[in-house]
>>> print(open('my_file39.txt').read())   # compact mmCIF, C-alpha atoms
# COMPACT_ATOMS: atom_id res chain seq x y z
CA MET A 25 -19.07 56.73 1.41
CA LYS A 26 -21.83 58.79 -0.23
CA ASN A 27 -20.65 57.84 -3.75
CA SER A 28 -20.46 54.20 -2.68
CA LEU A 29 -24.07 54.23 -1.48
CA LEU A 30 -25.25 55.99 -4.65
CA LYS A 31 -23.52 53.33 -6.75
CA ILE A 32 -25.13 50.55 -4.68
CA PHE A 33 -28.56 52.20 -4.95
CA PHE A 34 -28.22 52.63 -8.72
CA GLY A 35 -27.23 48.97 -9.13
CA ASN A 36 -30.26 47.83 -7.15
CA LEU A 37 -32.57 50.15 -9.05
CA LEU A 38 -31.44 48.53 -12.31
CA MET A 39 -31.74 44.98 -10.96
CA ALA A 40 -35.15 45.59 -9.37
CA PHE A 41 -36.47 46.99 -12.64
CA ALA A 42 -35.12 44.05 -14.64
CA TYR A 43 -36.62 41.47 -12.30
CA ALA A 44 -39.99 43.18 -11.81
CA LYS A 45 -40.61 44.13 -15.43
CA TRP A 46 -38.85 41.48 -17.52
CA MET A 47 -37.87 38.42 -15.49
CA ILE A 48 -41.08 37.74 -13.55
CA PRO A 49 -43.53 38.58 -16.38
CA ASN A 50 -41.59 36.27 -18.73
CA GLU A 51 -41.29 33.58 -16.01
CA ILE A 52 -37.52 33.43 -16.36
CA ILE A 53 -35.75 31.63 -13.55
CA ASN A 54 -32.11 32.76 -13.42
CA GLY A 55 -31.11 31.56 -10.00
CA GLY A 56 -31.24 34.59 -7.70
CA ALA A 57 -33.36 35.30 -4.64
CA THR A 58 -36.19 36.56 -6.82
CA SER A 59 -36.10 33.27 -8.73
CA ILE A 60 -36.23 31.37 -5.44
CA ALA A 61 -39.24 33.49 -4.46
CA MET A 62 -40.87 32.77 -7.85
CA ILE A 63 -40.40 29.03 -7.35
CA LEU A 64 -41.74 29.14 -3.79
CA ALA A 65 -44.69 31.33 -4.84
CA LYS A 66 -45.72 28.89 -7.54
CA VAL A 67 -45.38 25.89 -5.20
CA THR A 68 -47.00 27.42 -2.11
CA GLY A 69 -49.38 29.99 -3.60
CA LEU A 70 -47.93 32.67 -1.31
CA ASN A 71 -47.46 36.24 -2.51
CA ILE A 72 -44.18 36.78 -4.35
CA LEU A 73 -43.56 40.13 -2.63
CA ILE A 74 -43.84 38.51 0.82
CA LEU A 75 -41.48 35.70 -0.19
CA THR A 76 -38.95 38.06 -1.78
CA ASN A 77 -38.93 40.28 1.31
CA GLY A 78 -38.61 37.27 3.63
CA LEU A 79 -35.66 35.89 1.66
CA GLU A 80 -33.97 39.29 1.82
CA VAL A 81 -34.18 39.22 5.64
CA PHE A 82 -32.74 35.69 5.81
CA LEU A 83 -29.85 36.57 3.47
CA LEU A 84 -29.13 39.75 5.45
CA LEU A 85 -28.73 37.63 8.57
CA CYS A 86 -26.21 35.47 6.67
CA CYS A 87 -24.31 38.64 5.67
CA ALA A 88 -24.18 39.79 9.28
CA LEU A 89 -23.00 36.42 10.55
CA PHE A 90 -20.37 35.60 7.92
CA LEU A 91 -19.28 38.65 5.94
CA GLY A 92 -18.45 41.25 8.54
CA LYS A 93 -19.85 44.56 9.73
CA GLU A 94 -19.03 46.67 6.65
CA ASN A 95 -20.54 44.18 4.24
CA ALA A 96 -23.57 43.66 6.49
CA LEU A 97 -24.26 47.40 6.73
CA LYS A 98 -23.88 47.96 2.99
CA SER A 99 -25.93 44.83 2.31
CA LEU A 100 -28.66 46.20 4.57
CA PHE A 101 -28.69 49.34 2.43
CA THR A 102 -28.67 47.12 -0.68
CA SER A 103 -31.57 45.07 0.60
CA ILE A 104 -33.67 48.10 1.51
CA SER A 105 -32.89 49.69 -1.88
CA PHE A 106 -33.76 46.53 -3.80
CA VAL A 107 -36.93 45.75 -1.85
CA ILE A 108 -38.32 49.29 -2.16
CA CYS A 109 -37.48 49.55 -5.87
CA PHE A 110 -38.69 46.02 -6.60
CA ASN A 111 -41.99 46.55 -4.78
CA ILE A 112 -42.59 49.85 -6.60
CA PHE A 113 -41.70 48.49 -10.05
CA TYR A 114 -43.66 45.27 -9.48
CA LEU A 115 -46.79 47.19 -8.50
CA ILE A 116 -46.62 49.67 -11.41
CA PRO A 117 -49.05 48.23 -13.98
CA TYR A 118 -47.20 49.64 -17.02
CA ASP A 119 -45.63 47.11 -19.40
CA PHE A 120 -42.05 48.02 -20.37
CA SER A 121 -41.59 45.21 -22.90
CA ILE A 122 -40.11 46.05 -26.28
CA THR A 123 -39.52 42.65 -27.85
CA PHE A 124 -38.63 39.49 -26.02
CA VAL A 125 -35.02 39.37 -27.26
CA ILE A 126 -34.35 43.06 -26.55
CA ASP A 127 -35.96 42.70 -23.12
CA LEU A 128 -33.60 39.80 -22.32
CA LEU A 129 -30.53 41.67 -23.52
CA ILE A 130 -31.35 44.78 -21.50
CA ALA A 131 -32.24 42.68 -18.44
CA CYS A 132 -28.84 40.92 -18.67
CA LEU A 133 -27.06 44.26 -18.88
CA PHE A 134 -29.04 45.72 -15.97
CA ILE A 135 -28.51 42.65 -13.76
CA GLY A 136 -24.82 42.22 -14.62
CA PHE A 137 -24.05 45.89 -14.05
CA GLY A 138 -26.22 45.92 -10.92
CA TYR A 139 -24.21 43.03 -9.47
CA TYR A 140 -21.01 44.88 -10.32
CA CYS A 141 -22.20 48.09 -8.61
CA ASN A 142 -22.80 46.15 -5.41
CA LEU A 143 -19.85 43.77 -5.37
CA SER A 144 -17.33 46.48 -6.31
CA GLU A 145 -18.44 48.42 -3.22
CA ASN A 146 -18.04 45.44 -0.85
CA SER A 147 -21.77 44.85 -0.67
CA SER A 148 -23.64 41.73 -1.61
CA THR A 149 -26.80 41.95 -3.70
CA VAL A 150 -28.45 39.97 -0.90
CA SER A 151 -29.07 37.06 -3.24
CA VAL A 152 -27.16 33.85 -3.95
CA ASP A 153 -24.05 36.01 -4.13
CA VAL A 154 -24.15 36.03 -0.31
CA PHE A 155 -23.25 32.34 -0.35
CA ALA A 156 -20.69 32.96 -3.10
CA LEU A 157 -19.06 35.73 -1.05
CA ILE A 158 -18.96 33.50 2.03
CA ILE A 159 -17.20 30.77 0.01
CA TYR A 160 -14.94 33.35 -1.69
CA LYS A 161 -13.93 34.75 1.70
CA TYR A 162 -12.18 31.47 2.46
CA TYR A 163 -11.17 30.39 -1.09
CA GLN A 164 -10.13 33.51 -2.98
CA LYS A 165 -8.65 31.63 -5.91
CA ILE A 166 -12.18 30.92 -7.11
CA ASN A 167 -13.58 33.19 -9.84
CA LEU A 168 -16.40 35.02 -8.03
CA ALA A 169 -18.51 35.61 -11.16
CA HIS A 170 -18.30 31.90 -12.07
CA LEU A 171 -19.17 30.84 -8.52
CA ILE A 172 -22.28 33.05 -8.62
CA ARG A 173 -23.18 31.45 -11.96
CA TYR A 174 -22.88 27.91 -10.52
CA LEU A 175 -25.00 28.76 -7.47
CA ASN A 176 -27.60 30.29 -9.79
CA TRP A 177 -27.61 27.05 -11.78
CA LEU A 178 -28.37 25.12 -8.58
CA VAL A 179 -31.51 27.21 -8.16
CA LEU A 180 -32.28 26.61 -11.83
CA ALA A 181 -32.29 22.88 -11.19
CA PHE A 182 -35.18 23.37 -8.74
CA GLY A 183 -36.89 25.75 -11.15
CA LEU A 184 -36.94 23.04 -13.80
CA PHE A 185 -39.49 21.04 -11.81
CA VAL A 186 -41.76 24.03 -11.20
CA TYR A 187 -41.52 26.15 -14.35
CA GLY A 188 -40.30 23.69 -16.98
CA TYR A 189 -37.63 23.76 -19.65
CA ARG A 190 -38.38 27.12 -21.28
CA SER A 191 -37.92 29.14 -18.09
CA VAL A 192 -34.79 27.26 -17.12
CA ILE A 193 -33.11 27.34 -20.53
CA LEU A 194 -33.71 31.09 -20.73
CA GLY A 195 -32.44 31.36 -17.17
CA ILE A 196 -29.23 29.51 -18.01
CA ILE A 197 -28.64 31.79 -20.99
CA MET A 198 -29.33 34.85 -18.83
CA SER A 199 -27.16 33.58 -15.98
CA PHE A 200 -24.27 33.06 -18.36
CA ALA A 201 -24.84 36.44 -20.01
CA PHE A 202 -25.14 38.58 -16.89
CA THR A 203 -22.21 36.89 -15.13
CA PHE A 204 -20.19 37.45 -18.31
CA ILE A 205 -21.10 41.15 -18.11
CA LEU A 206 -20.25 41.16 -14.37
CA ASP A 207 -16.88 39.56 -15.15
CA ILE A 208 -16.10 42.24 -17.77
CA PHE A 209 -16.89 45.09 -15.38
CA THR A 210 -14.95 43.40 -12.57
CA LYS A 211 -11.86 42.98 -14.75
CA LEU A 212 -12.09 46.59 -15.96
CA ASN A 213 -12.37 47.71 -12.33
CA ASP A 214 -9.30 45.62 -11.37
CA GLN A 215 -7.31 47.11 -14.26
CA ASN A 216 -8.27 50.65 -13.26
CA LYS A 217 -7.09 49.97 -9.68
CA MET A 218 -3.68 48.95 -11.03
CA PHE A 219 -3.21 52.39 -12.61
CA ILE A 220 -4.37 54.44 -9.61
>>> encode(input="my_file39.txt", output="structure tokens")
Amino acid sequence: MKNSLLKIFFGNLLMAFAYAKWMIPNEIINGGATSIAMILAKVTGLNILILTNGLEVFLLLCCALFLGKENALKSLFTSISFVICFNIFYLIPYDFSITFVIDLLIACLFIGFGYYCNLSENSSTVSVDVFALIIYKYYQKINLAHLIRYLNWLVLAFGLFVYGYRSVILGIIMSFAFTFILDIFTKLNDQNKMFI
């Protein structure tokens, strides 16, 4: 259990850093809860930290209601890990940008691997993957990584009206890239389980 929680924490640390230091400063909407918070913040003028934290609470309730006790408890740990790391990274005034393209590539790797760390330990990332996991629970023939991608694209459709084409096009590219990375890690994990 301890190794599982460390893996979940590490995944959230990577994702929180990517969102706080690369996604939000570059106004990239990729479809997750942070993107929803970005859209709502721009529309309402409310603080993005308050909106992100509020969305996390709502999604945790969905985990508890639909995904079972184990997932809900791990997702609670995920949510706390992400919120603490995100708040800290967001408030640190240091700019971690290298170049735009390198920032995007590293952000995709961090987010894709962060998703993998959570999902492989039966925890949601307390983002749109909560809805994907609920659907997947009843229709397991669906590719989970692709389902997460399509739900992210739904959020992107709303982001188009608020942030415009640049943010959404970059978000689509990132969504495809990080779910591709998630799919690779998931398949490697499944292959390793076959040999254990």
>>> atom_distance(input="my_file39.txt", atom1="atom CA of Tyr160 of chain A", atom2="atom CA of Met198 of chain A")
22.4 Å
>>> closest_residue(input="my_file39.txt", among="A:Phe101, A:Phe137, A:Phe106, A:Phe90", to="Ala40 of chain A", atoms="all atoms listed in the file")
A:Phe106
>>> residues_around(input="my_file39.txt", residues="Phe124 of chain A", least_positions_apart="5", cutoff="12 Å", atoms="only C-alpha atoms", output="JSON, numbers by chain")
{"A": [45, 46, 47, 49, 50, 51, 52, 129, 130, 131, 194]}
>>> write_last_selection(input="my_file39.txt", atoms="C-alpha atoms", output="short mmCIF file (atom, residue, chain, number, x, y, z; two decimals), in the coordinates of the input")
data_model
loop_
_atom_site.label_atom_id
_atom_site.label_comp_id
_atom_site.auth_asym_id
_atom_site.auth_seq_id
_atom_site.Cartn_x
_atom_site.Cartn_y
_atom_site.Cartn_z
CA LYS A 45 -40.61 44.13 -15.43
CA TRP A 46 -38.85 41.48 -17.52
CA MET A 47 -37.87 38.42 -15.49
CA PRO A 49 -43.53 38.58 -16.38
CA ASN A 50 -41.59 36.27 -18.73
CA GLU A 51 -41.29 33.58 -16.01
CA ILE A 52 -37.52 33.43 -16.36
CA LEU A 129 -30.53 41.67 -23.52
CA ILE A 130 -31.35 44.78 -21.50
CA ALA A 131 -32.24 42.68 -18.44
CA LEU A 194 -33.71 31.09 -20.73
#
>>> closest_residue(input="my_file39.txt", among="A:Ile193, A:Lys98, A:Val107, A:Ser148", to="Ala181 of chain A", atoms="all atoms listed in the file")
A:Ile193
>>> residues_around(input="my_file39.txt", residues="Thr149 of chain A", least_positions_apart="6", cutoff="7 Å", atoms="only C-alpha atoms", output="short mmCIF file (atom, residue, chain, number, x, y, z; two decimals) with C-alpha atoms, in the frame of the given file")
data_model
loop_
_atom_site.label_atom_id
_atom_site.label_comp_id
_atom_site.auth_asym_id
_atom_site.auth_seq_id
_atom_site.Cartn_x
_atom_site.Cartn_y
_atom_site.Cartn_z
CA SER A 99 -25.93 44.83 2.31
CA THR A 102 -28.67 47.12 -0.68
CA TYR A 139 -24.21 43.03 -9.47
CA ASN A 142 -22.80 46.15 -5.41
#
>>> atom_distance(input="my_file39.txt", atom1="atom CA of Phe209 of chain A", atom2="atom CA of Leu168 of chain A")
12.5 Å
>>> closest_residue(input="my_file39.txt", among="A:Leu83, A:Ile196, A:Ala57, A:Ile126", to="Val154 of chain A", atoms="all atoms listed in the file")
A:Leu83
>>> atom_distance(input="my_file39.txt", atom1="atom CA of Lys26 of chain A", atom2="atom CA of Thr58 of chain A")
27.3 Å
>>> residues_around(input="my_file39.txt", residues="Ser151 of chain A", least_positions_apart="2", cutoff="12 Å", atoms="only C-alpha atoms", output="PyMOL selection string")
chain A and resi 36+39+54-61+76-87+99+102-103+106-107+135+139+142-143+147-149+153-158+172-173+175-176+179
>>> write_last_selection(input="my_file39.txt", atoms="C-alpha atoms", output="PDB file, in the coordinates of the input")
ATOM      1  CA  ASN A  36     -30.260  47.830  -7.150  1.00  0.00           C
ATOM      2  CA  MET A  39     -31.740  44.980 -10.960  1.00  0.00           C
ATOM      3  CA  ASN A  54     -32.110  32.760 -13.420  1.00  0.00           C
ATOM      4  CA  GLY A  55     -31.110  31.560 -10.000  1.00  0.00           C
ATOM      5  CA  GLY A  56     -31.240  34.590  -7.700  1.00  0.00           C
ATOM      6  CA  ALA A  57     -33.360  35.300  -4.640  1.00  0.00           C
ATOM      7  CA  THR A  58     -36.190  36.560  -6.820  1.00  0.00           C
ATOM      8  CA  SER A  59     -36.100  33.270  -8.730  1.00  0.00           C
ATOM      9  CA  ILE A  60     -36.230  31.370  -5.440  1.00  0.00           C
ATOM     10  CA  ALA A  61     -39.240  33.490  -4.460  1.00  0.00           C
ATOM     11  CA  THR A  76     -38.950  38.060  -1.780  1.00  0.00           C
ATOM     12  CA  ASN A  77     -38.930  40.280   1.310  1.00  0.00           C
ATOM     13  CA  GLY A  78     -38.610  37.270   3.630  1.00  0.00           C
ATOM     14  CA  LEU A  79     -35.660  35.890   1.660  1.00  0.00           C
ATOM     15  CA  GLU A  80     -33.970  39.290   1.820  1.00  0.00           C
ATOM     16  CA  VAL A  81     -34.180  39.220   5.640  1.00  0.00           C
ATOM     17  CA  PHE A  82     -32.740  35.690   5.810  1.00  0.00           C
ATOM     18  CA  LEU A  83     -29.850  36.570   3.470  1.00  0.00           C
ATOM     19  CA  LEU A  84     -29.130  39.750   5.450  1.00  0.00           C
ATOM     20  CA  LEU A  85     -28.730  37.630   8.570  1.00  0.00           C
ATOM     21  CA  CYS A  86     -26.210  35.470   6.670  1.00  0.00           C
ATOM     22  CA  CYS A  87     -24.310  38.640   5.670  1.00  0.00           C
ATOM     23  CA  SER A  99     -25.930  44.830   2.310  1.00  0.00           C
ATOM     24  CA  THR A 102     -28.670  47.120  -0.680  1.00  0.00           C
ATOM     25  CA  SER A 103     -31.570  45.070   0.600  1.00  0.00           C
ATOM     26  CA  PHE A 106     -33.760  46.530  -3.800  1.00  0.00           C
ATOM     27  CA  VAL A 107     -36.930  45.750  -1.850  1.00  0.00           C
ATOM     28  CA  ILE A 135     -28.510  42.650 -13.760  1.00  0.00           C
ATOM     29  CA  TYR A 139     -24.210  43.030  -9.470  1.00  0.00           C
ATOM     30  CA  ASN A 142     -22.800  46.150  -5.410  1.00  0.00           C
ATOM     31  CA  LEU A 143     -19.850  43.770  -5.370  1.00  0.00           C
ATOM     32  CA  SER A 147     -21.770  44.850  -0.670  1.00  0.00           C
ATOM     33  CA  SER A 148     -23.640  41.730  -1.610  1.00  0.00           C
ATOM     34  CA  THR A 149     -26.800  41.950  -3.700  1.00  0.00           C
ATOM     35  CA  ASP A 153     -24.050  36.010  -4.130  1.00  0.00           C
ATOM     36  CA  VAL A 154     -24.150  36.030  -0.310  1.00  0.00           C
ATOM     37  CA  PHE A 155     -23.250  32.340  -0.350  1.00  0.00           C
ATOM     38  CA  ALA A 156     -20.690  32.960  -3.100  1.00  0.00           C
ATOM     39  CA  LEU A 157     -19.060  35.730  -1.050  1.00  0.00           C
ATOM     40  CA  ILE A 158     -18.960  33.500   2.030  1.00  0.00           C
ATOM     41  CA  ILE A 172     -22.280  33.050  -8.620  1.00  0.00           C
ATOM     42  CA  ARG A 173     -23.180  31.450 -11.960  1.00  0.00           C
ATOM     43  CA  LEU A 175     -25.000  28.760  -7.470  1.00  0.00           C
ATOM     44  CA  ASN A 176     -27.600  30.290  -9.790  1.00  0.00           C
ATOM     45  CA  VAL A 179     -31.510  27.210  -8.160  1.00  0.00           C
TER      46      VAL A 179
END
>>> closest_residue(input="my_file39.txt", among="A:Phe120, A:Ile32, A:Lys66, A:Ala44", to="Ile104 of chain A", atoms="all atoms listed in the file")
A:Ile32
>>> residues_around(input="my_file39.txt", residues="Phe33 of chain A", least_positions_apart="4", cutoff="7 Å", atoms="only C-alpha atoms", output="VMD selection string")
chain A and resid 29 37 102 105
>>> closest_residue(input="my_file39.txt", among="A:Asn213, A:Ser191, A:Asn71, A:Thr203", to="Ile53 of chain A", atoms="only C-alpha atoms")
A:Ser191
>>> residues_around(input="my_file39.txt", residues="Val192 of chain A", least_positions_apart="3", cutoff="6 Å", atoms="all atoms listed in the file", output="compact mmCIF listing (two decimals) with C-alpha atoms, in the coordinates of the input")
# COMPACT_ATOMS: atom_id res chain seq x y z
CA ILE A 53 -35.75 31.63 -13.55
CA LEU A 180 -32.28 26.61 -11.83
CA LEU A 184 -36.94 23.04 -13.80
CA TYR A 189 -37.63 23.76 -19.65
CA GLY A 195 -32.44 31.36 -17.17
>>> closest_residue(input="my_file39.txt", among="A:Val150, A:Ile205, A:Ile112, A:Ile197", to="Val125 of chain A", atoms="all atoms listed in the file")
A:Ile197
